[in-house]
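A short worksheet on the structure shown next.
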Amino acid sequence: MYDDEGPVTDELLATFRGSRRWKRLVLELCTPDSVCALCSGARGPIRFDLRPHHSLGPSLDHVTPASRCRSAWQLWDPANLQPAHFGCNAGKRDRVPVPATLRGWTW
Ligand SMILES: [Zn+2]
């Protein structure tokens, strides 16, 4: 289904987060005691009791941004992944830190 040696295509970027493989990785790497790597916990702990895609829910951030991965295996490489709030990850713009005082989503 996925060619790990292949290039990171737009189609792969658009679909990989919806795959079972990705969801399994999130559960594997984003454990209940995880601290968000993007806000360093400023928004509180990562929550597992909320609706899917809640901004405080679990997600995985790519240290090397997904769009810059040179081949598909990097998308799935645990060494390239760190736990993050879903909302922190969605608001990320290439490593610009999110100010802890920022409220709401202005971007
Ligand atoms: Zn966060």
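Scheme for the structure tokens: letters A, B, ... for chains in order shown; per-chain residue numbers from 1; ligand numbers from 1 in order shown.
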Select from chain A every residue with an atom at most 12 Å from any atom of ligand 1, then for each give the shortest pair of atoms and their distance in Å to one decimal, using only C-alpha atoms and all ligand atoms, rows by chain and rising number, as JSON lines.
```
{"residue": "A:Ser34", "atom": "CA", "partner": "ligand 1", "partner_atom_place_in_ligand_line": "1 (Zn)", "distance": 10.4}
{"residue": "A:Val35", "atom": "CA", "partner": "ligand 1", "partner_atom_place_in_ligand_line": "1 (Zn)", "distance": 7.7}
{"residue": "A:Cys36", "atom": "CA", "partner": "ligand 1", "partner_atom_place_in_ligand_line": "1 (Zn)", "distance": 4.5}
{"residue": "A:Ala37", "atom": "CA", "partner": "ligand 1", "partner_atom_place_in_ligand_line": "1 (Zn)", "distance": 6.6}
{"residue": "A:Leu38", "atom": "CA", "partner": "ligand 1", "partner_atom_place_in_ligand_line": "1 (Zn)", "distance": 5.2}
{"residue": "A:Cys39", "atom": "CA", "partner": "ligand 1", "partner_atom_place_in_ligand_line": "1 (Zn)", "distance": 4.2}
{"residue": "A:Ser40", "atom": "CA", "partner": "ligand 1", "partner_atom_place_in_ligand_line": "1 (Zn)", "distance": 6.3}
{"residue": "A:Gly41", "atom": "CA", "partner": "ligand 1", "partner_atom_place_in_ligand_line": "1 (Zn)", "distance": 5.7}
{"residue": "A:Ala42", "atom": "CA", "partner": "ligand 1", "partner_atom_place_in_ligand_line": "1 (Zn)", "distance": 6.6}
{"residue": "A:Arg43", "atom": "CA", "partner": "ligand 1", "partner_atom_place_in_ligand_line": "1 (Zn)", "distance": 5.5}
{"residue": "A:Gly44", "atom": "CA", "partner": "ligand 1", "partner_atom_place_in_ligand_line": "1 (Zn)", "distance": 7.3}
{"residue": "A:Pro45", "atom": "CA", "partner": "ligand 1", "partner_atom_place_in_ligand_line": "1 (Zn)", "distance": 7.9}
{"residue": "A:Ile46", "atom": "CA", "partner": "ligand 1", "partner_atom_place_in_ligand_line": "1 (Zn)", "distance": 7.4}
{"residue": "A:Arg47", "atom": "CA", "partner": "ligand 1", "partner_atom_place_in_ligand_line": "1 (Zn)", "distance": 10.4}
{"residue": "A:His54", "atom": "CA", "partner": "ligand 1", "partner_atom_place_in_ligand_line": "1 (Zn)", "distance": 11.7}
{"residue": "A:Ser55", "atom": "CA", "partner": "ligand 1", "partner_atom_place_in_ligand_line": "1 (Zn)", "distance": 8.5}
{"residue": "A:Leu56", "atom": "CA", "partner": "ligand 1", "partner_atom_place_in_ligand_line": "1 (Zn)", "distance": 7.1}
{"residue": "A:Gly57", "atom": "CA", "partner": "ligand 1", "partner_atom_place_in_ligand_line": "1 (Zn)", "distance": 9.2}
{"residue": "A:Pro58", "atom": "CA", "partner": "ligand 1", "partner_atom_place_in_ligand_line": "1 (Zn)", "distance": 9.3}
{"residue": "A:Ser59", "atom": "CA", "partner": "ligand 1", "partner_atom_place_in_ligand_line": "1 (Zn)", "distance": 9.7}
{"residue": "A:Leu60", "atom": "CA", "partner": "ligand 1", "partner_atom_place_in_ligand_line": "1 (Zn)", "distance": 10.8}
{"residue": "A:Asp61", "atom": "CA", "partner": "ligand 1", "partner_atom_place_in_ligand_line": "1 (Zn)", "distance": 10.3}
{"residue": "A:Gln82", "atom": "CA", "partner": "ligand 1", "partner_atom_place_in_ligand_line": "1 (Zn)", "distance": 11.2}
{"residue": "A:Pro83", "atom": "CA", "partner": "ligand 1", "partner_atom_place_in_ligand_line": "1 (Zn)", "distance": 8.8}
{"residue": "A:Ala84", "atom": "CA", "partner": "ligand 1", "partner_atom_place_in_ligand_line": "1 (Zn)", "distance": 5.5}
{"residue": "A:His85", "atom": "CA", "partner": "ligand 1", "partner_atom_place_in_ligand_line": "1 (Zn)", "distance": 4.4}
{"residue": "A:Phe86", "atom": "CA", "partner": "ligand 1", "partner_atom_place_in_ligand_line": "1 (Zn)", "distance": 7.5}
{"residue": "A:Gly87", "atom": "CA", "partner": "ligand 1", "partner_atom_place_in_ligand_line": "1 (Zn)", "distance": 6.9}
{"residue": "A:Cys88", "atom": "CA", "partner": "ligand 1", "partner_atom_place_in_ligand_line": "1 (Zn)", "distance": 4.7}
{"residue": "A:Asn89", "atom": "CA", "partner": "ligand 1", "partner_atom_place_in_ligand_line": "1 (Zn)", "distance": 7.4}
{"residue": "A:Ala90", "atom": "CA", "partner": "ligand 1", "partner_atom_place_in_ligand_line": "1 (Zn)", "distance": 10.0}
{"residue": "A:Gly91", "atom": "CA", "partner": "ligand 1", "partner_atom_place_in_ligand_line": "1 (Zn)", "distance": 9.8}
{"residue": "A:Lys92", "atom": "CA", "partner": "ligand 1", "partner_atom_place_in_ligand_line": "1 (Zn)", "distance": 10.0}
{"residue": "A:Pro97", "atom": "CA", "partner": "ligand 1", "partner_atom_place_in_ligand_line": "1 (Zn)", "distance": 10.3}
{"residue": "A:Val98", "atom": "CA", "partner": "ligand 1", "partner_atom_place_in_ligand_line": "1 (Zn)", "distance": 8.5}
{"residue": "A:Pro99", "atom": "CA", "partner": "ligand 1", "partner_atom_place_in_ligand_line": "1 (Zn)", "distance": 10.5}
{"residue": "A:Ala100", "atom": "CA", "partner": "ligand 1", "partner_atom_place_in_ligand_line": "1 (Zn)", "distance": 9.2}
{"residue": "A:Leu102", "atom": "CA", "partner": "ligand 1", "partner_atom_place_in_ligand_line": "1 (Zn)", "distance": 11.6}
```
Take the residues that were just selected and, keeping N, CA and C atoms, output them as a CSV table (one decimal), in the first residue's frame.
```csv
chain,number,residue,atom,x,y,z
A,34,SER,N,2.9,11.9,27.8
A,34,SER,CA,3.7,12.7,26.8
A,34,SER,C,3.5,14.2,27.1
A,35,VAL,N,4.5,15.0,26.9
A,35,VAL,CA,4.5,16.4,26.9
A,35,VAL,C,4.6,16.9,25.5
A,36,CYS,N,3.7,17.9,25.2
A,36,CYS,CA,3.7,18.5,23.8
A,36,CYS,C,5.1,19.1,23.6
A,37,ALA,N,5.7,18.7,22.5
A,37,ALA,CA,7.0,19.2,22.1
A,37,ALA,C,7.0,20.6,21.6
A,38,LEU,N,5.8,21.1,21.2
A,38,LEU,CA,5.7,22.4,20.5
A,38,LEU,C,5.5,23.5,21.5
A,39,CYS,N,4.7,23.3,22.5
A,39,CYS,CA,4.4,24.3,23.5
A,39,CYS,C,5.1,23.9,24.9
A,40,SER,N,5.8,22.8,24.9
A,40,SER,CA,6.5,22.3,26.1
A,40,SER,C,5.5,22.2,27.3
A,41,GLY,N,4.3,21.9,27.0
A,41,GLY,CA,3.3,21.7,28.0
A,41,GLY,C,2.6,22.9,28.5
A,42,ALA,N,2.9,24.1,27.8
A,42,ALA,CA,2.3,25.4,28.3
A,42,ALA,C,0.8,25.3,28.2
A,43,ARG,N,0.2,24.5,27.2
A,43,ARG,CA,-1.2,24.4,27.1
A,43,ARG,C,-1.8,23.3,27.9
A,44,GLY,N,-0.9,22.7,28.7
A,44,GLY,CA,-1.4,21.6,29.6
A,44,GLY,C,-1.0,20.3,29.0
A,45,PRO,N,-1.4,19.2,29.7
A,45,PRO,CA,-1.1,17.8,29.2
A,45,PRO,C,-1.8,17.5,27.9
A,46,ILE,N,-1.3,16.6,27.2
A,46,ILE,CA,-2.0,16.0,26.0
A,46,ILE,C,-3.1,15.2,26.5
A,47,ARG,N,-4.3,15.5,26.0
A,47,ARG,CA,-5.6,14.8,26.5
A,47,ARG,C,-6.0,13.7,25.6
A,54,HIS,N,-9.6,17.3,18.7
A,54,HIS,CA,-9.6,18.4,19.6
A,54,HIS,C,-8.2,19.0,19.7
A,55,SER,N,-8.1,20.4,19.9
A,55,SER,CA,-6.8,21.0,19.9
A,55,SER,C,-5.9,20.5,21.0
A,56,LEU,N,-6.4,20.0,22.1
A,56,LEU,CA,-5.5,19.4,23.1
A,56,LEU,C,-5.3,17.9,23.0
A,57,GLY,N,-5.9,17.3,22.0
A,57,GLY,CA,-5.7,15.9,21.7
A,57,GLY,C,-4.4,15.5,21.2
A,58,PRO,N,-4.1,14.2,21.1
A,58,PRO,CA,-2.8,13.8,20.7
A,58,PRO,C,-2.5,13.9,19.2
A,59,SER,N,-1.3,14.2,18.8
A,59,SER,CA,-0.8,14.1,17.5
A,59,SER,C,0.7,13.9,17.5
A,60,LEU,N,1.2,13.7,16.3
A,60,LEU,CA,2.7,13.6,16.2
A,60,LEU,C,3.2,14.7,15.3
A,61,ASP,N,4.2,15.3,15.8
A,61,ASP,CA,4.8,16.4,15.0
A,61,ASP,C,6.1,15.8,14.3
A,82,GLN,N,7.7,13.5,17.2
A,82,GLN,CA,7.6,13.8,18.6
A,82,GLN,C,6.1,14.1,19.0
A,83,PRO,N,5.7,13.8,20.2
A,83,PRO,CA,4.3,14.0,20.6
A,83,PRO,C,4.0,15.5,20.6
A,84,ALA,N,2.8,15.9,20.2
A,84,ALA,CA,2.4,17.3,20.2
A,84,ALA,C,0.9,17.3,20.3
A,85,HIS,N,0.4,18.4,20.9
A,85,HIS,CA,-1.1,18.7,20.8
A,85,HIS,C,-1.5,18.7,19.4
A,86,PHE,N,-2.7,18.3,19.1
A,86,PHE,CA,-3.2,18.4,17.8
A,86,PHE,C,-3.2,19.8,17.3
A,87,GLY,N,-3.7,20.7,18.2
A,87,GLY,CA,-3.8,22.1,17.8
A,87,GLY,C,-2.5,22.8,17.7
A,88,CYS,N,-1.5,22.5,18.5
A,88,CYS,CA,-0.1,23.0,18.4
A,88,CYS,C,0.4,22.6,17.0
A,89,ASN,N,0.2,21.4,16.7
A,89,ASN,CA,0.8,20.8,15.5
A,89,ASN,C,0.1,21.5,14.2
A,90,ALA,N,-1.2,21.6,14.3
A,90,ALA,CA,-1.9,22.2,13.2
A,90,ALA,C,-1.5,23.7,13.0
A,91,GLY,N,-1.2,24.4,14.1
A,91,GLY,CA,-0.8,25.8,14.0
A,91,GLY,C,0.6,26.0,13.7
A,92,LYS,N,1.4,25.0,13.7
A,92,LYS,CA,2.9,25.1,13.5
A,92,LYS,C,3.2,25.7,12.1
A,97,PRO,N,8.1,29.2,17.3
A,97,PRO,CA,7.5,28.8,18.5
A,97,PRO,C,6.1,29.4,18.7
A,98,VAL,N,5.2,28.7,19.4
A,98,VAL,CA,3.9,29.3,19.7
A,98,VAL,C,4.0,30.0,21.0
A,99,PRO,N,3.8,31.3,21.1
A,99,PRO,CA,3.8,32.0,22.4
A,99,PRO,C,2.8,31.4,23.4
A,100,ALA,N,3.3,31.2,24.6
A,100,ALA,CA,2.5,30.5,25.6
A,100,ALA,C,1.3,31.4,25.9
A,102,LEU,N,-0.5,33.1,23.8
A,102,LEU,CA,-1.5,33.3,22.7
A,102,LEU,C,-2.7,32.5,23.0
```
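Near Trp76 (chain A), within 10 Å and counting only C-alpha atoms, sit A:Asp4, A:Phe16, A:Arg21, A:Trp22, A:Leu25, A:His62, A:Ala66, A:Ala72, A:Asn80, A:Leu81, not including residues fewer than 4 positions from it in the same chain.
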Output file for the residues above (N, CA and C atoms, as an mmCIF file, in the first residue's frame):
```cif
data_model
loop_
_atom_site.group_PDB
_atom_site.id
_atom_site.type_symbol
_atom_site.label_atom_id
_atom_site.label_comp_id
_atom_site.auth_asym_id
_atom_site.auth_seq_id
_atom_site.Cartn_x
_atom_site.Cartn_y
_atom_site.Cartn_z
ATOM 1 N N ASP A 4 7.732 2.733 1.012
ATOM 2 C CA ASP A 4 8.550 3.511 1.941
ATOM 3 C C ASP A 4 9.788 4.110 1.292
ATOM 4 N N PHE A 16 -1.691 10.402 4.396
ATOM 5 C CA PHE A 16 -1.062 9.474 5.342
ATOM 6 C C PHE A 16 -1.602 9.604 6.766
ATOM 7 N N ARG A 21 -2.084 2.978 9.776
ATOM 8 C CA ARG A 21 -0.684 2.923 10.190
ATOM 9 C C ARG A 21 -0.313 4.168 11.010
ATOM 10 N N TRP A 22 -0.789 5.337 10.569
ATOM 11 C CA TRP A 22 -0.478 6.577 11.282
ATOM 12 C C TRP A 22 -1.146 6.584 12.647
ATOM 13 N N LEU A 25 0.724 4.578 14.993
ATOM 14 C CA LEU A 25 1.952 5.261 15.407
ATOM 15 C C LEU A 25 1.664 6.316 16.479
ATOM 16 N N HIS A 62 6.295 16.194 13.011
ATOM 17 C CA HIS A 62 7.500 15.808 12.293
ATOM 18 C C HIS A 62 8.611 16.814 12.585
ATOM 19 N N ALA A 66 6.901 17.216 7.261
ATOM 20 C CA ALA A 66 6.495 16.156 6.337
ATOM 21 C C ALA A 66 6.747 16.554 4.890
ATOM 22 N N ALA A 72 9.506 8.474 1.650
ATOM 23 C CA ALA A 72 8.324 8.195 2.453
ATOM 24 C C ALA A 72 8.657 7.631 3.831
ATOM 25 N N ASN A 80 11.956 10.776 13.774
ATOM 26 C CA ASN A 80 11.563 12.063 13.190
ATOM 27 C C ASN A 80 10.224 12.542 13.756
ATOM 28 N N LEU A 81 9.736 11.862 14.790
ATOM 29 C CA LEU A 81 8.404 12.181 15.308
ATOM 30 C C LEU A 81 8.459 12.509 16.786
#
```
Pairwise distance, CA of Pro32 (chain A) with CA of Phe48 (chain A), equals 7.3 Å
Could you pull out all residues of chain A with a DSSP call of strand (DSSP E) and give them as a ChimeraX atom specification? /A:58-62,81-85
Export of the given selection (N, CA and C atoms) as a compact mmCIF listing (two decimals), in the first residue's frame:
```txt
# COMPACT_ATOMS: atom_id res chain seq x y z
N PRO A 58 -4.10 14.23 21.10
CA PRO A 58 -2.77 13.77 20.70
C PRO A 58 -2.52 13.88 19.19
N SER A 59 -1.28 14.16 18.84
CA SER A 59 -0.84 14.08 17.46
C SER A 59 0.66 13.91 17.47
N LEU A 60 1.22 13.68 16.30
CA LEU A 60 2.67 13.56 16.18
C LEU A 60 3.18 14.65 15.27
N ASP A 61 4.22 15.32 15.75
CA ASP A 61 4.85 16.38 14.96
C ASP A 61 6.09 15.81 14.26
N HIS A 62 6.30 16.19 13.01
CA HIS A 62 7.50 15.81 12.29
C HIS A 62 8.61 16.81 12.59
N LEU A 81 9.74 11.86 14.79
CA LEU A 81 8.40 12.18 15.31
C LEU A 81 8.46 12.51 16.79
N GLN A 82 7.65 13.49 17.19
CA GLN A 82 7.57 13.83 18.61
C GLN A 82 6.12 14.12 18.95
N PRO A 83 5.72 13.79 20.20
CA PRO A 83 4.33 14.03 20.60
C PRO A 83 4.01 15.51 20.60
N ALA A 84 2.79 15.86 20.21
CA ALA A 84 2.36 17.26 20.22
C ALA A 84 0.85 17.30 20.35
N HIS A 85 0.36 18.42 20.90
CA HIS A 85 -1.08 18.67 20.85
C HIS A 85 -1.51 18.73 19.39
```
Provide the CA of Ala79 (chain A) to CA of Arg51 (chain A) distance in Å, to one decimal place. 27.5 Å
